[in-house]
>>> print(open('target09.cif').read())   # mmCIF, C-alpha atoms
data_run
#
loop_
_atom_site.label_atom_id
_atom_site.label_comp_id
_atom_site.auth_asym_id
_atom_site.auth_seq_id
_atom_site.Cartn_x
_atom_site.Cartn_y
_atom_site.Cartn_z
CA ILE A 27 84.74 85.70 87.96
CA SER A 28 86.89 86.15 91.04
CA PHE A 29 86.64 82.43 91.85
CA ILE A 30 87.70 81.44 88.33
CA GLY A 31 90.66 83.81 88.49
CA PHE A 32 91.56 82.52 91.94
CA SER A 33 91.45 78.90 90.75
CA VAL A 34 93.66 79.56 87.73
CA ASN A 35 96.15 81.52 89.82
CA PHE A 36 96.27 78.74 92.39
CA GLY A 37 97.00 76.22 89.63
CA ILE A 38 99.81 78.46 88.38
CA GLN A 39 101.30 78.62 91.87
CA LEU A 40 101.27 74.83 92.15
CA ILE A 41 103.29 74.59 88.95
CA LEU A 42 105.76 77.25 90.09
CA VAL A 43 106.54 75.52 93.39
CA ARG A 44 107.43 72.37 91.46
CA LEU A 45 109.68 74.25 89.05
CA LEU A 46 111.44 76.46 91.60
CA LEU A 47 113.45 75.79 94.75
CA PRO A 48 112.73 76.98 98.31
CA ASP A 49 115.75 79.29 98.05
CA ASP A 50 114.23 81.01 94.98
CA PHE A 51 111.13 81.86 97.00
CA GLY A 52 113.36 82.84 99.92
CA PHE A 53 115.33 85.37 97.83
CA PHE A 54 112.09 86.83 96.46
CA PHE A 55 110.21 87.11 99.75
CA LEU A 56 113.21 88.61 101.52
CA GLY A 57 113.34 91.32 98.83
CA LEU A 58 109.58 91.73 99.07
CA SER A 59 109.66 92.13 102.84
CA LEU A 60 112.41 94.76 102.55
CA ALA A 61 110.40 96.66 99.94
CA GLN A 62 107.23 96.57 101.99
CA ILE A 63 109.05 97.88 105.04
CA LEU A 64 110.06 100.87 102.87
CA PHE A 65 106.47 101.20 101.64
CA ILE A 66 105.41 101.83 105.23
CA PHE A 67 106.48 105.44 104.67
CA SER A 68 104.47 105.86 101.46
CA GLY A 69 101.37 103.87 102.37
CA PHE A 70 98.93 106.78 102.26
CA SER A 71 96.19 104.58 100.72
CA PHE A 72 94.79 107.35 98.53
CA SER A 73 92.62 104.79 96.73
CA MET A 74 90.86 104.02 100.01
CA ALA A 75 90.56 107.73 100.77
CA VAL A 76 88.69 108.53 97.54
CA ILE A 77 86.21 105.75 98.33
CA GLN A 78 85.50 107.01 101.83
CA ILE A 79 85.49 110.78 101.14
CA GLN A 80 81.98 111.50 99.93
CA GLU A 81 82.35 114.96 98.38
CA ALA A 82 85.46 116.88 97.33
CA GLU A 83 86.45 118.92 94.30
CA ASP A 84 88.82 117.26 91.80
CA LEU A 85 89.03 114.28 94.13
CA PHE A 86 90.44 111.66 91.76
CA ASP A 87 92.86 113.97 89.94
CA THR A 88 94.27 115.22 93.22
CA ALA A 89 94.64 111.67 94.52
CA PHE A 90 96.39 110.66 91.28
CA CYS A 91 98.88 113.54 91.61
CA LEU A 92 99.67 112.64 95.20
CA THR A 93 100.08 108.98 94.22
CA LEU A 94 102.60 109.90 91.52
CA LEU A 95 104.52 112.09 93.97
CA SER A 96 104.72 109.55 96.80
CA GLY A 97 105.53 106.71 94.38
CA GLY A 98 108.29 108.67 92.67
CA VAL A 99 109.91 109.65 95.96
CA THR A 100 109.75 106.04 97.17
CA LEU A 101 111.44 104.82 93.98
CA LEU A 102 114.29 107.31 94.39
CA ILE A 103 114.80 106.36 98.03
CA GLY A 104 114.64 102.68 97.09
CA GLY A 105 117.44 103.19 94.59
CA GLY A 106 119.69 104.60 97.32
CA ILE A 107 118.79 101.87 99.82
CA SER A 108 119.46 99.12 97.27
CA TRP A 109 123.05 100.34 96.94
CA ILE A 110 123.44 100.11 100.74
CA LEU A 111 121.83 96.66 100.88
CA SER A 112 124.12 95.26 98.18
CA SER A 113 126.96 94.83 100.70
CA SER A 114 124.90 92.71 103.12
CA TYR A 115 122.23 90.85 101.15
CA PRO A 116 122.31 88.48 98.14
CA LEU A 117 122.18 90.20 94.75
CA PRO A 118 118.86 88.52 93.73
CA THR A 119 117.24 89.93 96.88
CA VAL A 120 118.58 93.45 96.27
CA LEU A 121 117.45 93.51 92.63
CA THR A 122 114.05 92.13 93.63
CA PHE A 123 113.75 94.96 96.15
CA LEU A 124 114.59 97.58 93.49
CA ALA A 125 112.16 96.13 90.94
CA LEU A 126 109.34 96.11 93.48
CA CYS A 127 110.00 99.76 94.30
CA ALA A 128 109.26 100.55 90.64
CA VAL A 129 106.23 98.26 90.61
CA GLN A 130 104.56 100.03 93.55
CA LEU A 131 104.34 103.26 91.52
CA LEU A 132 102.37 101.48 88.80
CA GLN A 133 100.20 99.75 91.39
CA GLY A 134 99.35 103.07 93.03
CA CYS A 135 98.16 104.58 89.75
CA SER A 136 96.05 101.56 88.81
CA SER A 137 94.43 101.58 92.27
CA ILE A 138 93.02 105.07 91.63
CA TYR A 139 91.33 103.88 88.43
CA SER A 140 90.00 100.85 90.31
CA ALA A 141 88.74 103.03 93.18
CA SER A 142 86.73 105.18 90.75
CA MET A 143 84.65 102.09 89.98
CA GLU A 144 84.55 100.62 93.48
CA LYS A 145 83.29 103.92 94.90
CA GLU A 146 80.09 103.33 92.90
CA LEU A 147 80.04 99.65 93.95
CA GLN A 148 80.93 98.58 90.39
CA PHE A 149 83.22 95.63 90.94
CA LYS A 150 82.75 93.48 87.84
CA LYS A 151 85.08 95.32 85.44
CA SER A 152 87.89 95.73 87.95
CA SER A 153 87.52 92.08 88.94
CA ILE A 154 87.89 90.95 85.32
CA VAL A 155 91.00 93.10 84.80
CA ARG A 156 92.53 91.89 88.05
CA GLY A 157 91.88 88.27 87.16
CA LEU A 158 93.27 88.57 83.63
CA ALA A 159 96.38 90.47 84.75
CA THR A 160 97.12 87.97 87.50
CA ASN A 161 96.66 84.92 85.30
CA VAL A 162 98.57 86.24 82.27
CA SER A 163 101.48 87.23 84.47
CA GLY A 164 101.32 83.83 86.19
CA LEU A 165 101.54 81.98 82.88
CA SER A 166 104.50 84.20 81.97
CA ALA A 167 106.16 83.27 85.27
CA ILE A 168 105.72 79.56 84.47
CA PHE A 169 107.46 80.06 81.13
CA LEU A 170 110.32 81.92 82.82
CA ALA A 171 110.63 79.29 85.58
CA TYR A 172 110.63 76.47 83.02
CA SER A 173 113.40 78.35 81.19
CA ASP A 174 115.52 78.27 84.39
CA PHE A 175 115.18 81.95 85.29
CA GLY A 176 114.69 81.03 88.94
CA VAL A 177 113.79 83.92 91.21
CA TRP A 178 113.46 86.26 88.19
CA SER A 179 110.31 84.41 87.15
CA LEU A 180 108.71 85.63 90.38
CA VAL A 181 109.96 89.17 89.86
CA GLY A 182 108.72 89.10 86.26
CA ARG A 183 105.26 88.07 87.44
CA GLU A 184 105.02 91.17 89.65
CA VAL A 185 106.18 93.52 86.89
CA ILE A 186 103.82 92.08 84.27
CA THR A 187 100.90 92.15 86.70
CA ALA A 188 101.48 95.83 87.52
CA VAL A 189 101.73 96.87 83.86
CA LEU A 190 98.62 94.95 82.80
CA MET A 191 96.66 96.22 85.80
CA LEU A 192 97.49 99.84 85.01
CA PHE A 193 96.52 99.65 81.34
CA GLY A 194 93.53 97.42 82.03
CA MET A 195 92.05 99.55 84.82
CA ARG A 196 92.48 102.69 82.76
CA MET A 197 90.74 101.05 79.81
CA VAL A 198 87.62 99.94 81.69
CA SER A 199 87.31 102.93 84.01
CA ASN A 200 85.38 106.06 83.03
CA TYR A 201 87.83 108.22 84.94
CA ARG A 202 90.51 110.06 82.98
CA PHE A 203 93.35 111.98 84.57
CA SER A 204 93.23 115.64 83.51
CA GLY A 205 96.00 117.06 85.70
CA ARG A 206 93.84 119.12 88.06
CA PHE A 207 94.95 119.61 91.64
CA ASN A 208 92.91 121.03 94.52
CA ARG A 209 94.70 122.04 97.71
CA ASP A 210 91.68 121.65 99.98
CA THR A 211 91.02 118.18 98.60
CA ALA A 212 94.71 117.34 98.99
CA LYS A 213 94.47 118.27 102.67
CA LYS A 214 91.52 115.89 103.10
CA LEU A 215 93.36 113.11 101.29
CA LEU A 216 96.54 113.65 103.29
CA ASN A 217 94.59 113.84 106.53
CA PHE A 218 93.09 110.42 105.77
CA GLY A 219 96.42 109.23 104.36
CA PHE A 220 98.48 110.07 107.44
CA LYS A 221 95.95 108.34 109.67
CA ARG A 222 95.86 105.37 107.33
CA LEU A 223 99.67 105.47 107.12
CA LEU A 224 99.86 104.40 110.74
CA VAL A 225 97.45 101.52 110.13
CA ARG A 226 99.34 100.51 107.01
CA ALA A 227 102.65 100.64 108.87
CA LEU A 228 101.29 98.39 111.60
CA GLU A 229 99.73 96.09 109.00
CA ILE A 230 103.05 95.64 107.18
CA THR A 231 104.90 95.25 110.48
CA PHE A 232 102.51 92.48 111.47
CA PHE A 233 102.25 90.57 108.19
CA ARG A 234 105.57 91.26 106.42
CA ALA A 235 108.31 92.36 108.83
CA PRO A 236 108.54 88.83 110.36
CA LEU A 237 109.47 87.49 106.91
CA PHE A 238 112.40 89.91 106.88
CA PHE A 239 113.65 88.58 110.22
CA ILE A 240 113.16 84.96 109.16
CA GLY A 241 115.14 85.50 105.94
CA THR A 242 117.86 87.49 107.68
CA PHE A 243 118.42 85.27 110.73
CA ALA A 244 117.12 81.83 109.70
CA GLY A 245 118.17 81.91 106.03
CA THR A 246 116.44 82.00 102.66
CA LYS A 247 115.65 78.27 102.62
CA VAL A 248 113.63 78.45 105.85
CA LEU A 249 111.95 81.61 104.58
CA GLY A 250 111.17 79.90 101.27
CA LEU A 251 109.55 76.94 103.03
CA PHE A 252 107.56 79.12 105.41
CA SER A 253 106.49 81.55 102.68
CA GLN A 254 104.76 78.79 100.71
CA VAL A 255 102.85 77.22 103.60
CA TYR A 256 102.00 80.77 104.64
CA TYR A 257 100.67 81.29 101.10
CA LEU A 258 98.48 78.19 101.44
CA ALA A 259 97.19 79.35 104.82
CA ASN A 260 96.31 82.73 103.31
CA LEU A 261 94.35 81.22 100.42
CA PRO A 262 90.98 81.10 102.23
CA ASN A 263 91.37 84.73 103.27
CA THR A 264 92.34 85.64 99.71
CA LEU A 265 89.33 83.81 98.32
CA LEU A 266 86.99 85.49 100.79
CA GLY A 267 88.81 88.82 100.52
CA ALA A 268 86.56 90.18 97.78
CA VAL A 269 83.68 89.97 100.29
CA THR A 270 85.39 90.48 103.67
CA GLN A 271 87.68 93.31 102.52
CA SER A 272 87.06 95.10 99.17
CA VAL A 273 83.27 94.85 99.01
CA ALA A 274 82.99 95.12 102.80
CA PHE A 275 84.95 98.40 102.97
CA ALA A 276 82.95 100.01 100.17
CA THR A 277 79.64 98.75 101.60
CA TYR A 278 80.40 99.68 105.21
CA SER A 279 81.49 103.15 104.05
CA LYS A 280 78.26 103.57 102.08
CA ILE A 281 75.99 102.66 105.02
CA GLN A 282 78.18 104.00 107.83
CA GLY A 283 75.27 106.05 109.20
CA ASP A 284 72.98 103.04 109.69
CA LYS A 285 74.12 101.08 112.76
CA ASP A 286 71.57 98.30 112.33
CA LYS A 287 72.67 97.53 108.78
CA LEU A 288 76.32 97.72 109.80
CA SER A 289 75.86 95.27 112.67
CA LYS A 290 73.90 92.87 110.51
CA GLY A 291 76.42 93.00 107.66
CA PHE A 292 79.37 92.47 110.00
CA TYR A 293 77.68 89.52 111.74
CA ILE A 294 76.61 87.76 108.53
CA THR A 295 80.04 88.14 106.91
CA ASN A 296 81.92 86.56 109.80
CA PHE A 297 79.22 83.96 110.52
CA PHE A 298 79.64 82.39 107.09
CA SER A 299 83.43 82.80 107.06
CA LEU A 300 83.89 80.77 110.22
CA ARG A 301 81.57 77.98 109.13
CA ILE A 302 83.17 77.68 105.71
CA LEU A 303 86.72 77.56 107.07
CA LEU A 304 86.29 75.23 110.06
CA PRO A 305 86.52 71.98 108.00
CA VAL A 306 89.46 73.41 106.01
CA ALA A 307 91.36 74.20 109.21
CA LEU A 308 90.72 70.70 110.59
CA LEU A 309 92.03 69.05 107.41
CA VAL A 310 95.23 71.10 107.59
CA TYR A 311 95.77 70.12 111.23
CA LEU A 312 95.14 66.40 110.63
CA PHE A 313 96.88 65.88 107.26
CA PRO A 314 99.57 68.56 106.69
CA SER A 315 102.15 66.22 105.09
CA VAL A 316 99.62 64.64 102.74
CA ILE A 317 98.33 68.03 101.59
CA LEU A 318 101.82 69.39 100.94
CA GLU A 319 102.99 66.30 99.05
CA ILE A 320 99.89 66.31 96.84
CA LEU A 321 99.98 70.04 96.14
CA TYR A 322 103.69 70.90 96.20
CA GLY A 323 105.66 67.66 95.92
CA SER A 324 108.04 65.85 98.22
CA LYS A 325 110.65 68.64 98.45
CA TRP A 326 108.20 70.75 100.46
CA VAL A 327 107.19 68.10 103.02
CA GLY A 328 109.83 69.51 105.37
CA ALA A 329 107.44 72.40 106.03
CA SER A 330 104.65 70.08 107.26
CA GLU A 331 105.01 70.96 110.93
CA MET A 332 104.86 74.68 110.20
CA PHE A 333 101.82 74.14 107.99
CA GLN A 334 100.02 72.06 110.62
CA TYR A 335 100.18 74.81 113.23
CA LEU A 336 98.72 77.37 110.84
CA PHE A 337 95.25 75.81 111.21
CA VAL A 338 94.15 78.45 113.74
CA PHE A 339 95.57 81.18 111.49
CA ILE A 340 93.42 79.89 108.60
CA LEU A 341 90.27 80.04 110.71
CA VAL A 342 90.81 83.40 112.38
CA LEU A 343 92.52 85.57 109.73
CA PRO A 344 89.37 86.48 107.69
CA VAL A 345 87.56 87.55 110.87
CA PHE A 346 90.57 89.57 111.99
CA THR A 347 90.92 91.40 108.66
CA ASN A 348 87.17 92.05 108.43
CA THR A 349 87.22 93.55 111.93
CA VAL A 350 89.99 95.96 110.90
CA VAL A 351 88.18 96.83 107.65
CA PHE A 352 84.99 97.48 109.63
CA MET A 353 86.82 99.90 111.94
CA LEU A 354 88.48 101.73 109.03
CA SER A 355 85.19 102.13 107.15
CA MET A 356 83.70 103.71 110.29
CA GLY A 357 86.62 106.12 110.53
CA GLU A 358 87.86 104.43 113.73
CA ILE A 359 91.47 104.43 112.60
CA LEU A 360 92.99 104.64 116.07
CA PHE A 361 90.90 101.66 117.15
CA ALA A 362 92.31 99.62 114.26
CA CYS A 363 95.82 100.76 115.21
CA ARG A 364 95.37 99.56 118.77
CA ILE A 365 94.36 96.11 117.51
CA TYR A 366 97.48 95.89 115.34
CA VAL A 367 99.80 97.19 118.08
CA PHE A 368 98.59 94.61 120.58
CA SER A 369 98.75 91.78 118.01
CA THR A 370 102.23 92.82 116.84
CA ILE A 371 103.62 92.79 120.38
CA ILE A 372 102.42 89.21 120.85
CA LEU A 373 103.78 88.20 117.42
CA PHE A 374 107.25 89.64 117.97
CA LEU A 375 107.58 88.05 121.38
CA GLY A 376 106.91 84.73 119.69
CA MET A 377 109.35 85.55 116.86
CA VAL A 378 112.18 86.28 119.30
CA ILE A 379 111.66 82.95 121.07
CA THR A 380 111.42 81.11 117.73
CA LEU A 381 114.58 82.55 116.19
CA TRP A 382 116.51 82.07 119.42
CA SER A 383 115.45 78.43 119.85
CA HIS A 384 115.48 77.52 116.11
CA ASP A 385 112.15 75.71 116.62
CA TYR A 386 110.51 76.97 113.45
CA TRP A 387 107.19 75.24 114.08
CA MET A 388 106.66 78.11 116.53
CA LEU A 389 106.41 80.62 113.66
CA PRO A 390 102.79 79.74 112.83
CA VAL A 391 101.97 79.43 116.54
CA SER A 392 103.20 83.00 117.01
CA TYR A 393 101.00 84.26 114.16
CA SER A 394 97.93 82.38 115.37
CA SER A 395 98.39 83.55 118.95
CA ALA A 396 98.74 87.14 117.77
CA LEU A 397 95.52 86.99 115.73
CA LEU A 398 93.57 85.51 118.63
CA ALA A 399 94.99 88.10 121.00
CA GLY A 400 94.03 90.90 118.59
CA LEU A 401 90.46 89.65 118.27
CA SER A 402 90.15 89.24 122.03
CA PHE A 403 91.48 92.75 122.53
CA SER A 404 89.01 94.21 120.01
CA ILE A 405 86.09 92.46 121.74
CA SER A 406 87.20 93.72 125.16
CA ILE A 407 87.19 97.39 124.12
CA LEU A 408 84.13 97.40 121.84
#
>>> encode(input="target09.cif", output="C-alpha cells")
Amino acid sequence: ISFIGFSVNFGIQLILVRLLLPDDFGFFFLGLSLAQILFIFSGFSFSMAVIQIQEAEDLFDTAFCLTLLSGGVTLLIGGGISWILSSSYPLPTVLTFLALCAVQLLQGCSSIYSASMEKELQFKKSSIVRGLATNVSGLSAIFLAYSDFGVWSLVGREVITAVLMLFGMRMVSNYRFSGRFNRDTAKKLLNFGFKRLLVRALEITFFRAPLFFIGTFAGTKVLGLFSQVYYLANLPNTLLGAVTQSVAFATYSKIQGDKDKLSKGFYITNFFSLRILLPVALLVYLFPSVILEILYGSKWVGASEMFQYLFVFILVLPVFTNTVVFMLSMGEILFACRIYVFSTIILFLGMVITLWSHDYWMLPVSYSSALLAGLSFSISIL
C-alpha cells in the first residue's frame, strides 16, 4: 500500500515540476523553512511519547490536550511573526509561512490518532489514510497548478493533506478524545517532549535551516532548483522510511529490553538499505543530467551538478536516520543529540563556504560530508 501511494505521489510531483517554475518552489520552501524553524519550539513529539511510554493513565487524552495547547500557541506566535516578516520577505513566502503554522495544529492532532494504532503495531489503516490523503491533495495541487495558481498549488496541497489526514485518522482509529487530563501523565509526556524537543530542534536545524539560508542569501530560484533535486535524493529514504523509521521506532521500543533482537533488527535493516541504494546512487552520479531531463524537463537541467553530488547523501541518509531512530527508541536522547550537533557543525561550515563562494554544487557536498561525519561519530562513541 505504501509503495502504491509513494508511486502515485511521485508521479504527481513530476507533473507539478513541469507546470510550476523554480521560483514557485523557492517561495514555498523558503516559507516552509521559516515555519519549521518556528516549530522547533513546539516540537514536543507527543505522538512519539505515547508510543514509547508503556503505561500511564489517560495517556492519549492528555497528549491530545497538550498537542492542542502547543499548536494553538504556535499559531498565535506565527501570526505575529508573519507581520514582522512581511517587510523583508516576498508576500507568497509570508503567506505560506502563516498557512503552514495553521496546518501544523491539524497535523499534531492527526498524529495522536495515528499513534494510537502504531503503538499496537497496526500500520495498515494509518498507511491507507496517509496514502489517500497525500494522493488526493496531490491531484488537487495539479489542478491548481494547471489553473495558474503557482505557489498556492503547493500551499493548497499541504492544507488539503492535513485536513484529510485528521478526519481519516480519526475515522479509522478506535481512540476517541474524551477531554480527560492527567497531571502525572502530562509530566511524563512533557519530560519526554522536552528531551525530544532538543532532538527535533537539531533535526530541523540540520535538514531545514540550510534551506532558509539558501533562499535568503542565494535567492528563491537557486532554492527552487536545489529543493527539487533534494526531493529526488530524499525519495529512497522516503520509500524506505516506513521500515527504517516508523516501523523501526515502534518495533525497537517494543523489544528495547532484548539486546540480541535489537542488534539483529538494526543490522538487517541497514544491510538491505545499503545494498538496495548502491546502484541508485551510482546512476545519479553517472547520469544526473539525463535523469533530470527525463523526469523534470529541460528547465531543471541547470541543477544537474547539485544533483550529481547528492549520490553519497542518497546512500547514507537512510542509515543515518535509522541510527537516530534506534537511539531514540532506546531512550538515548542525548546520544542522538550529539550525533546531530556534530553533523550540523560540519554542514554549516560547508554552507558558509558555499554561500560565500557562490559555488552551489558544494551544497550537496556539505550535506553528504555532514552525514558521513555523523555516522563516523556515532560509531566512535558506541
>>> resolve_selection(input="target09.cif", expression="the PyMOL selection byres ((chain A and resi 87) around 8)", output="number ranges by chain")
A: 84-86, 88-91, 203-207
>>> atom_distance(input="target09.cif", atom1="CA of Phe54 in chain A", atom2="CA of Leu341 in chain A")
26.9 Å
>>> resolve_selection(input="target09.cif", expression="the PyMOL selection byres ((chain A and resi 392-401) around 9)", output="ChimeraX atom specification")
/A:232-233,335-340,342-343,345-346,349,364-377,380,388-391,402-406
>>> closest_residue(input="target09.cif", among="A:Leu121, A:Leu101, A:Leu318, A:Met74", to="Ser142 in chain A", atoms="only C-alpha atoms")
A:Met74
>>> resolve_selection(input="target09.cif", expression="the PyMOL selection byres ((chain A and resi 97) around 10)", output="NGL selection string")
:A and (65 or 68-69 or 91-96 or 98-103 or 127-135)
>>> atom_distance(input="target09.cif", atom1="CA of Ala259 in chain A", atom2="CA of Ala167 in chain A")
21.9 Å
>>> axis_aligned_box(input="target09.cif", around="range 191-210 of chain A", padding_each_side="8 Å", output="JSON")
{"center_x": 91.4, "center_y": 109.1, "center_z": 89.9, "size_x": 28.1, "size_y": 41.8, "size_z": 36.2}
>>> closest_residue(input="target09.cif", among="A:Ala329, A:Val34, A:Leu321, A:Ala188", to="Tyr386 in chain A", atoms="only C-alpha atoms")
A:Ala329
>>> closest_residue(input="target09.cif", among="A:Ser59, A:Ser299, A:Ser108, A:Ser152", to="Met195 in chain A", atoms="only C-alpha atoms")
A:Ser152
>>> atom_distance(input="target09.cif", atom1="CA of Gly37 in chain A", atom2="CA of Phe51 in chain A")
16.9 Å
>>> closest_residue(input="target09.cif", among="A:Leu224, A:Ile294, A:Leu237, A:Leu312", to="Phe361 in chain A", atoms="only C-alpha atoms")
A:Leu224
>>> closest_residue(input="target09.cif", among="A:Leu124, A:Ser112, A:Ala244, A:Glu358", to="Ser383 in chain A", atoms="all atoms listed in the file")
A:Ala244
>>> closest_residue(input="target09.cif", among="A:Leu42, A:Ile138, A:Ile63, A:Leu249", to="Leu381 in chain A", atoms="all atoms listed in the file")
A:Leu249
>>> residues_around(input="target09.cif", residues="Gly57 in chain A", least_positions_apart="4", cutoff="12 Å", atoms="all atoms listed in the file", output="PyMOL selection string")
chain A and resi 50-53+61-64+104+107-108+111-112+115-127+177-178+180-181+234-235+237-239+241-242+246+249-250
>>> residues_around(input="target09.cif", residues="Ala171 in chain A", least_positions_apart="5", cutoff="7 Å", atoms="all atoms listed in the file", output="list in words")
Leu42, Leu45, Leu46, Gly176 and Ser179 of chain A
>>> build_atoms(input="target09.cif", residues="range 236-260 of chain A", atoms="N, CA and C atoms", output="PDB file, in the coordinates of the input")
ATOM      1  N   PRO A 236     108.005  90.127 109.891  1.00  0.00           N
ATOM      2  CA  PRO A 236     108.540  88.830 110.360  1.00  0.00           C
ATOM      3  C   PRO A 236     109.263  88.055 109.263  1.00  0.00           C
ATOM      4  N   LEU A 237     108.797  88.188 108.009  1.00  0.00           N
ATOM      5  CA  LEU A 237     109.470  87.490 106.910  1.00  0.00           C
ATOM      6  C   LEU A 237     110.886  88.018 106.729  1.00  0.00           C
ATOM      7  N   PHE A 238     111.066  89.308 106.955  1.00  0.00           N
ATOM      8  CA  PHE A 238     112.400  89.910 106.880  1.00  0.00           C
ATOM      9  C   PHE A 238     113.324  89.291 107.932  1.00  0.00           C
ATOM     10  N   PHE A 239     112.832  89.147 109.152  1.00  0.00           N
ATOM     11  CA  PHE A 239     113.650  88.580 110.220  1.00  0.00           C
ATOM     12  C   PHE A 239     113.931  87.101 109.988  1.00  0.00           C
ATOM     13  N   ILE A 240     112.948  86.381 109.458  1.00  0.00           N
ATOM     14  CA  ILE A 240     113.160  84.960 109.160  1.00  0.00           C
ATOM     15  C   ILE A 240     114.250  84.805 108.110  1.00  0.00           C
ATOM     16  N   GLY A 241     114.154  85.586 107.011  1.00  0.00           N
ATOM     17  CA  GLY A 241     115.140  85.500 105.940  1.00  0.00           C
ATOM     18  C   GLY A 241     116.524  85.939 106.377  1.00  0.00           C
ATOM     19  N   THR A 242     116.583  86.956 107.245  1.00  0.00           N
ATOM     20  CA  THR A 242     117.860  87.490 107.680  1.00  0.00           C
ATOM     21  C   THR A 242     118.558  86.585 108.691  1.00  0.00           C
ATOM     22  N   PHE A 243     117.808  86.032 109.637  1.00  0.00           N
ATOM     23  CA  PHE A 243     118.420  85.270 110.730  1.00  0.00           C
ATOM     24  C   PHE A 243     118.292  83.752 110.590  1.00  0.00           C
ATOM     25  N   ALA A 244     117.289  83.277 109.864  1.00  0.00           N
ATOM     26  CA  ALA A 244     117.120  81.830 109.700  1.00  0.00           C
ATOM     27  C   ALA A 244     117.567  81.358 108.321  1.00  0.00           C
ATOM     28  N   GLY A 245     117.706  82.277 107.363  1.00  0.00           N
ATOM     29  CA  GLY A 245     118.170  81.910 106.030  1.00  0.00           C
ATOM     30  C   GLY A 245     117.048  81.862 105.003  1.00  0.00           C
ATOM     31  N   THR A 246     117.431  81.939 103.733  1.00  0.00           N
ATOM     32  CA  THR A 246     116.440  82.000 102.660  1.00  0.00           C
ATOM     33  C   THR A 246     115.707  80.679 102.458  1.00  0.00           C
ATOM     34  N   LYS A 247     116.344  79.550 102.802  1.00  0.00           N
ATOM     35  CA  LYS A 247     115.650  78.270 102.620  1.00  0.00           C
ATOM     36  C   LYS A 247     114.478  78.142 103.586  1.00  0.00           C
ATOM     37  N   VAL A 248     114.717  78.489 104.864  1.00  0.00           N
ATOM     38  CA  VAL A 248     113.630  78.450 105.850  1.00  0.00           C
ATOM     39  C   VAL A 248     112.535  79.424 105.464  1.00  0.00           C
ATOM     40  N   LEU A 249     112.938  80.621 105.011  1.00  0.00           N
ATOM     41  CA  LEU A 249     111.950  81.610 104.580  1.00  0.00           C
ATOM     42  C   LEU A 249     111.162  81.102 103.385  1.00  0.00           C
ATOM     43  N   GLY A 250     111.850  80.440 102.445  1.00  0.00           N
ATOM     44  CA  GLY A 250     111.170  79.900 101.270  1.00  0.00           C
ATOM     45  C   GLY A 250     110.130  78.858 101.654  1.00  0.00           C
ATOM     46  N   LEU A 251     110.496  77.962 102.573  1.00  0.00           N
ATOM     47  CA  LEU A 251     109.550  76.940 103.030  1.00  0.00           C
ATOM     48  C   LEU A 251     108.358  77.561 103.743  1.00  0.00           C
ATOM     49  N   PHE A 252     108.647  78.495 104.650  1.00  0.00           N
ATOM     50  CA  PHE A 252     107.560  79.120 105.410  1.00  0.00           C
ATOM     51  C   PHE A 252     106.665  79.966 104.505  1.00  0.00           C
ATOM     52  N   SER A 253     107.274  80.657 103.540  1.00  0.00           N
ATOM     53  CA  SER A 253     106.490  81.550 102.680  1.00  0.00           C
ATOM     54  C   SER A 253     105.422  80.784 101.898  1.00  0.00           C
ATOM     55  N   GLN A 254     105.723  79.537 101.525  1.00  0.00           N
ATOM     56  CA  GLN A 254     104.760  78.790 100.710  1.00  0.00           C
ATOM     57  C   GLN A 254     103.661  78.125 101.531  1.00  0.00           C
ATOM     58  N   VAL A 255     103.948  77.699 102.761  1.00  0.00           N
ATOM     59  CA  VAL A 255     102.850  77.220 103.600  1.00  0.00           C
ATOM     60  C   VAL A 255     102.034  78.405 104.106  1.00  0.00           C
ATOM     61  N   TYR A 256     102.688  79.525 104.282  1.00  0.00           N
ATOM     62  CA  TYR A 256     102.000  80.770 104.640  1.00  0.00           C
ATOM     63  C   TYR A 256     101.062  81.190 103.513  1.00  0.00           C
ATOM     64  N   TYR A 257     101.522  81.008 102.265  1.00  0.00           N
ATOM     65  CA  TYR A 257     100.670  81.290 101.100  1.00  0.00           C
ATOM     66  C   TYR A 257      99.426  80.401 101.117  1.00  0.00           C
ATOM     67  N   LEU A 258      99.617  79.107 101.379  1.00  0.00           N
ATOM     68  CA  LEU A 258      98.480  78.190 101.440  1.00  0.00           C
ATOM     69  C   LEU A 258      97.502  78.589 102.540  1.00  0.00           C
ATOM     70  N   ALA A 259      98.050  78.960 103.695  1.00  0.00           N
ATOM     71  CA  ALA A 259      97.190  79.350 104.820  1.00  0.00           C
ATOM     72  C   ALA A 259      96.428  80.632 104.538  1.00  0.00           C
ATOM     73  N   ASN A 260      96.972  81.473 103.672  1.00  0.00           N
ATOM     74  CA  ASN A 260      96.310  82.730 103.310  1.00  0.00           C
ATOM     75  C   ASN A 260      95.261  82.561 102.218  1.00  0.00           C
TER      76      ASN A 260
END
